[in-house]
Every structure is written in structure tokens, then in C-alpha cells.
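Engineer: Take a look at the following structure, please.
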Amino acid sequence: MIHLNIGPIIRKEFRQIRRDRRALGILIFLPAFMLVMVGYALNFDVKHLAVAVYDEDKSSTSRDFVAGMVQSEYFDLRYAVKSKQEIDPLLENGDATVAFVIPNDFSRLLLSGKEARVQVLIDGSNSNTASIAQGYVALAVQDYSNKILVQWLEKRGKHLELPITIEPKLWYNPDLKSAKYLIPGLFGLILMIVTVISTSLSIVREKEQGTMEQLKTSPLWSNEIILGKTIPYLLISIIAATIIMIFGWLLFDVSIKGSIPLLYGAIILFLIGGLGQGMLISNIAQTQQVAFIMSVFSSLLPSFLLSGFVFPISSMPWVLQAISNVIPAKFFLVVVRSIILKGVGLPAFWEQFIYLFLFALITIGISTIRLQRELSR
Amino acid sequence: MIQERNDSYAVVVEGLTKTFGPFTAVDDMHFKVRKGEIFGFLGPNGAGKSTTIRMLCGLLAPTTGGAMVGGYDVGKDPDSVKAIIGYMSQRFSLYDDLTVEQNIRFYGGIYGLPGSRLEERKSWAIEMAGLKGKAGSLTRTLSGGWKQRLALGCAILHEPPIVFLDEPTGGVDPVSRRNFWDLIYALSSAGTTVFVTTHYLDEAEHCNTIGLIYSGRLIAFGSPTELKHKLDQYKILEVVCGNPVDAMDALQTQPWVVETSIFGSAFHVSTTGLQDPEESIRSELTRQGIPVDRIEGIPPSLEDVFIHLIAEEDKQ
Ligand SMILES: Nc1ncnc2c1ncn2[C@@H]1O[C@H](COP(=O)(O)OP(=O)(O)O)[C@@H](O)[C@H]1O
Ligand SMILES: [Mg+2]
């Protein structure tokens, strides 16, 4: 049995992390900040739009129509105005985002089976919100027309079951860019930051301070130094991942549908790849600044931009699509989204799993050999 | 490579060479350090002192040649060498963001000291560094002299028989330097071999043996007294006058002047082949119209020796 003397380095590393404000910031506040930012600011769902209605028809049919519109969580009826002139100021001041003008022949036309028109005004100052609102309106109107159609047919003794029910969120947010979808993806980013940046910085700092020389002349094996310097960051990253999952569940109602051991397996595999990447950077960089910049460029940016986290890979130029194939975060995202959102098992993503394994093997392999060479000399 | 296993030597260096690309930092070095002595490795900045010491500690592979440290070949068996040496690098190798006690515990831990011995050595190191009552202070807050003594304490927690100190007194005040040398004496009298590099000549006087290194080559080796005898063939005089620069220029043209060098407000002249060099200097300076305040024959200092040796080296 080989006795590994890694306790002193691990203890020392935790002591230093506890004292180092910047490390604490990177390890704890950055994940928390990103969670909140992604959860709320990047929350692409538009809900509770203020609605103003001018109902010229004043019939039970028109009231029914308005009620159908505002019963969803997307629209809140705020203003029922008495003239058309009152609508413009409401939209201009931003008090209302959407306004409906129901003409006085609305119910008459509908009941006689003719086409009725409703005027919809949308505040276009925020084009994103405007187009989403437009989508909701179209859907709601469609929904209402279907209902009328069914009623109309039933009156004539025919029964019609509409084959399709439409879920507005799916329809108008085809990439599913909601908090629920993004939080599982956050793993990719936060784990990359924590592992790559902190591993590379902690090793390069010892070089900068000259303490690495002292470790090298100690009787420690190079593998003991490598393990001692990486295990603390592995542990912290696992804790960070757990914190994100708990917050995701508490704040955004994201629960893990699939196997938790499998999820942790994927996380640890991915983290080991990140540790290897951090070690590789520490081989090359001589100062902490350089190590930091290299870490950010090689992990944070690609896993944000090229992993499919924000921008769909299919709409990227082919060069970037090709590059995305070596970004481990891309494969990790597939795995965690499959486990967390879909609850599926290994058969659905074994290829991604193997890639993560290879990435970890290659980065750890190369960097360990290089560090061993550096440390034993 | 090195067959000799001489028990009375702690360090045996044979043909040690290190090149960085086209540049030779350490050039075919040969010397031996006796067990228990203080060996001073002396030379100007960039001479190759640190490079040599790093090869001896197994941190850097020699390009050619080799060395035995404590009987182990640094090239073939660096792990055995690491177990029997203490090393203090040129920069203080302490963790600034840990306390005094945490640093000691960490170094004790990586040297594998068991708990009871670690406690004992910890008290020893704190006492030795003069840090009693400061065990809980952050190392960052200590002054240079304290940090240095603590770094030494950490480097020798495991009581190695051979200690390498690379410019341990660089950049600290004279009192701290003095205190540090007291620690080196104590180590040596307890039987530890101390291999210390410095560019301070006054520190070299405290060593049992000195190696002078210049441009990667060992240009002199011996005890301070032996080295001073190298100048026996020359007579050295200290001259005080109002215009030392002109005086030195004037004397340098004389065939019997080997070299001149400035020492504070005075200068030293080494001469060769003269019966009464004092009279010759006085008459030459008077002829040049330079008034002389004082001339006196002096025993050579190490500095005279080194200036002489380096000047000779540069001539080649
Ligand atoms: N890793 C290196 N690569 C290239 N040159 C080096 C390296 N290390 C030292 N040198 C050069 O070797 C020479 C000797 O350096 P060093 O041993 O540090 O001198 P000293 O310790 O006597 O001041 C210097 O000119 C230095 O620039
Ligand atoms: Mg040096």
C-alpha cells in the first residue's frame, strides 16, 4: 500500500482559499451572481403584459373575448377605457403594452358566421417584447376563433375535437430559453470557471512566489504535489455544482428528473477535464495574470459562446460549428440537460459521455506528464 | 560517472556544466565541499551561483558533468538527494497568506515529520527565528530579517545534514545579516554542512572555504587566508589623496602597477617588482601635481583578491 502524503498541501490550500478574497469571489460569488443573472435577466419569458381594452361593442360576446385573452398569465387587464383617444397615451407612456379595440359590429359579425375584426396595438419600443406579445395575441385569437368554431359546429349538431392544443411558450420561444432550460447549462460555465481558473492560478502562484521550488526540493513526489493541488478545487467545484442545483430548485423550480449519481458522475468527469486544462495552462503561464487571461479565453468564453448555451450551434458559421466540437462544455450540456430536464439515462448520451471521458484523459494525461517533468527537475 | 565516494565530502562537483541555448551559465565546474564546513559560493550577479545550487538540489538537470551530494548522484538519484538536504531559495519561500505556525506545520508536513517531532521542531523554529509570541501572525506582516530566519527554520525542520542557502541575506539590514550568520555558525558547529551563496565579501570572510565564481567559471577556491596568499607576490597600498580618479589614471600607466581600485574615499594599488612601492607612488603622484595625504602598505583583503582575480580573468 502506497502512502500518499497529500494532507499538508490540501490543508494549506483550503487555508489560503479561506484567506484569499479573490479566490472566494471566484469560487462562491461568481456562481451565485451568474445564477441570478441567468435566471432573471436572461429569462426570455414575457409575462403579465399590461393590457388596455376599448370595447365599443359592449356585448357578452366581446366580454367573453376579452376574458379569454386575459385569463392567461401573459396578459393582465389594466385599463378598460371609454374612448379610442385614451389608448394612445397609455401606450406612449408605457402604461400598457398591448391594446385591443373591439369594433361595435364584433358580436353581430361573429354570430352571423362572418369574419370579425379586432384592432390590436402593441408598444414596439422593445422589439423583443413586442414580437413576443404579438405572438401571444395571435395565439390567443386563434384559440378564441377555434372555440367559436367548435361552438358554431356544435350548434349544428357536429362534434369536433381539435387535434392540436397549442402551448404558447413552446411556440414563441422555440429555443426553450427559459430559466428552467438555462440553469442546467449553467453548470458548464461555473464549473469551467472554478476549475480552470483556480487550478491554474493556484499552481502559477506557487511558481511566482518561489514556493514551488521549495515543494520541488521536498521529498514529495510530483504526483503528491499534483493531487494535493487539484483535489481541493475538485471538492469546491462539486460543492459549487450542488449549490447551483439547490438554488435552481428553490428559485426556479428546476428539479432533477434523472439519476443523481449519473449526474455527479458526469460533473466529476467534466471537472477532471477542467483540472487538466488548468494544469496545462499552469505549465505554460509564468504569471498569474497570464494564467488568468489564458483560463478565461480557453474556457469561459468558449463554453459561454460555443457550447450552445446561449447561441444555437446550428445557426453558427461552419468554422465555429467545427470548433464547437472540441468544446467539452457542449457535450456536458447535452448530458446534464438530458439528465436534469428529460430524465433519460446513459443510452441517450453515451457518445457525449465518452467524449467527456476522452477530454479528461487527454488533458490530465498531457498536463500530468508535463508537470511531472517540471516538478521532478 | 563519478566513482569516488569519499566519506569526508558532503558535495563533490565534477565537470558540472549548464547551458541555456547558446549561453553557458555554468562552465565545467570542479570542487569539493567537506562535511560540516561553511562553504561560501561567491560571485557577482549573474555569475551562475543559483544555477549551480539548483543543479545540486536536483531542481535542474546538468547539461554535462555531475555532482554527488551526500553520496548520491544528483543526476541519477535526485529523490535520495532531496531527502537529505534543506534548501532555501533566493526568494523567501514562505506563504505570505499563512501564519508563522501554519507555514511551519506545512513544511513539517511535506517533510513527513510525525506529530510529536513536528511540535518539538515547531517550538525550536519559532525560538530560533525569534518569533516567540508571534506564531499566529501572518507571515506577510513580518520584517525581512524575521521572514528570512523563519524561512531558514522551515528549510531545516527535518534536520538535514546538508543545507543549501541561496543568497539568504539579500536585501536585509546589517543587524539581521549578523543574526543570520550566527544561525549559520550554530548549524555548522552542530555538524551540518552549509553551502551558502552570497555577493557580500564581508560574509565570505566567515566561511571555512570559498569558491569564487565568475561568468560561470570557478576562478578561485580555498580558505580566505589561502586566497589572500595569492597576492603575496604583490605589495598592496592604500592611498588617500584629494583627487583619487586622476591619481589612479596616472598610476595605471606605470609598468609596476598591477591594478588600482577604489575603496571608499581612498584607493588601493597593487604593485609588483618594487622594493619601496610607497616611495615610487609618492614621487609619481607628486610629478603629476597630485598632493598625497597618506600612503600605507596594507594586508590584502578578500576584495583585493577578487578584484585582482576578476581583472586577470577579464584580460584573458
Ligand atoms: N532558465 C534560464 N534560461 C536562460 N538563462 C538563464 C536561466 N537561468 C539563469 N540564466 C542565466 O544564467 C546566468 C546565471 O544566472 P544565476 O545562476 O541566476 O546567477 P547568480 O545566481 O549568480 O546571480 C544569468 O546570466 C542568467 O540570466
Ligand atoms: Mg542567484
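By convention here, the chains of the C-alpha cells are called A, B, ... in the order presented, each chain's residues are numbered starting at 1, and ligands are numbered starting at 1 in the order presented.
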Compute the set of protein, DNA and RNA residues whose minimum atom distance to ligand 1 is at most 9 Å, using only C-alpha atoms and all ligand atoms, and state it as a PyMOL selection string.
Structural biologist: chain B and resi 18-21+23-26+42-54+90+166-167+197-199+213-216
Engineer: Show me, as a PyMOL selection string, the residues that have an atom within 6 Å of range 320-337 of chain A when counting only C-alpha atoms, minus same-chain residues fewer than 2 positions from it.
Structural biologist: chain A and resi 184-185+188+303+306-307+316-318+339-341+352
Engineer: Quick one: everything within 12 Å of Ala285 in chain A, counting only C-alpha atoms, minus sequence neighbours fewer than 2 positions away in the same chain. Send it as number ranges by chain.
Structural biologist: A: 200-208, 278-283, 287-295
Engineer: What's the 12 Å shell around range 307-312 of chain B, counting only C-alpha atoms, without same-chain residues fewer than 4 positions away, as a ChimeraX atom specification?
Structural biologist: /B:43-44,47,201,212-215,217-221,227-228,230-231,234,236,257-263,268-271,300-303,316
Engineer: Do me a favour and pick out the residues of chain A within 8 Å of chain B, using only C-alpha atoms, as a list in words.
Structural biologist: Asn5, Gly7, Pro8, Ile9, Lys12, Arg15, Gln16, Arg19, Asp20, Gln209, Gly210, Thr211, Glu213, Gln214, Leu215, Lys216, Thr217, Ser218, Pro219, Leu220, Leu375, Ser376 and Arg377 of chain A
Engineer: Which of these, B:Pro114, B:Met29, B:Gly170, B:Asp182, has the shortest distance to ligand 2 once you count only C-alpha atoms and all ligand atoms?
Structural biologist: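 Residue with the minimum atom-to-atom distance to ligand 2: B:Gly170.
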Engineer: Have a look at CA of Leu149 in chain A and CA of Ser59 in chain A and let me know their distance in Å, one decimal.
Structural biologist: 18.6 Å
Engineer: Distance CA of Ala10 in chain B-CA of Glu119 in chain B, one decimal place?
Structural biologist: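 Going from CA of Ala10 in chain B over to CA of Glu119 in chain B covers 29.0 Å.
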Engineer: Of the residues A:Ile244, A:Ile190, A:Ile148, A:Leu356, which is the one nearest to Thr61 in chain A, using only C-alpha atoms?
Structural biologist: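 Among the listed residues, A:Ile148 lies closest to Thr61 in chain A.
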Engineer: Give the strand (DSSP E) residues of range 22-232 of chain A, as DSSP finds them on the backbone, and put them as a tab-separated table (two decimals) with C-alpha atoms, in the first residue's frame.
Structural biologist:
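Final output, result_8.tsv:
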chain	number	residue	atom	x	y	z
A	49	LEU	CA	-48.17	42.36	-20.08
A	50	ALA	CA	-50.38	45.34	-19.23
A	51	VAL	CA	-53.42	45.38	-21.47
A	52	ALA	CA	-55.82	48.23	-22.29
A	53	VAL	CA	-59.20	47.47	-23.87
A	54	TYR	CA	-61.65	49.74	-25.66
A	55	ASP	CA	-64.80	47.68	-26.08
A	75	PHE	CA	-51.93	39.39	-20.15
A	76	ASP	CA	-53.23	41.49	-17.28
A	77	LEU	CA	-56.23	43.66	-17.98
A	78	ARG	CA	-55.28	47.03	-16.52
A	79	TYR	CA	-57.36	49.58	-18.36
A	80	ALA	CA	-60.89	49.36	-19.74
A	81	VAL	CA	-61.16	52.74	-21.46
A	98	VAL	CA	-50.97	45.88	-25.68
A	99	ALA	CA	-54.30	47.46	-26.50
A	100	PHE	CA	-57.39	45.88	-28.05
A	101	VAL	CA	-60.03	47.89	-29.88
A	102	ILE	CA	-63.21	45.89	-30.37
A	119	GLN	CA	-57.68	46.03	-33.78
A	120	VAL	CA	-54.52	45.20	-31.76
A	121	LEU	CA	-51.98	47.89	-30.86
A	122	ILE	CA	-48.61	46.86	-29.47
Engineer: Find the residues near range 121-135 of chain B: any atom within 8 Å, counting only C-alpha atoms, skip ones fewer than 4 places away on the same chain, and give them as an MDAnalysis selection string.
Structural biologist: chainID B and resid 99:101 104:105 117 146 149:150 153:154 157
Engineer: Taking the backbone alone, and naming residues the way the document does, which bits of range 201-341 of chain A are alpha helix (DSSP H) by DSSP, as a count of residues only?
Structural biologist: 102
Engineer: From the list A:Phe29, A:Phe297, A:Trp221, A:Phe270, which residue is nearest Glu374 in chain A when using only C-alpha atoms?
Structural biologist: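 Checking each candidate against Glu374 in chain A, we get A:Trp221 as the closest.
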Engineer: Rounded to one decimal place, report the CA of Gln277 in chain A-CA of Ala360 in chain A distance in Å.
Structural biologist: 8.6 Å
Engineer: From the list B:Pro168, B:Gly273, B:Gly191, B:Pro291, which residue is nearest ligand 2 when using only C-alpha atoms and all ligand atoms?
Structural biologist: B:Pro168
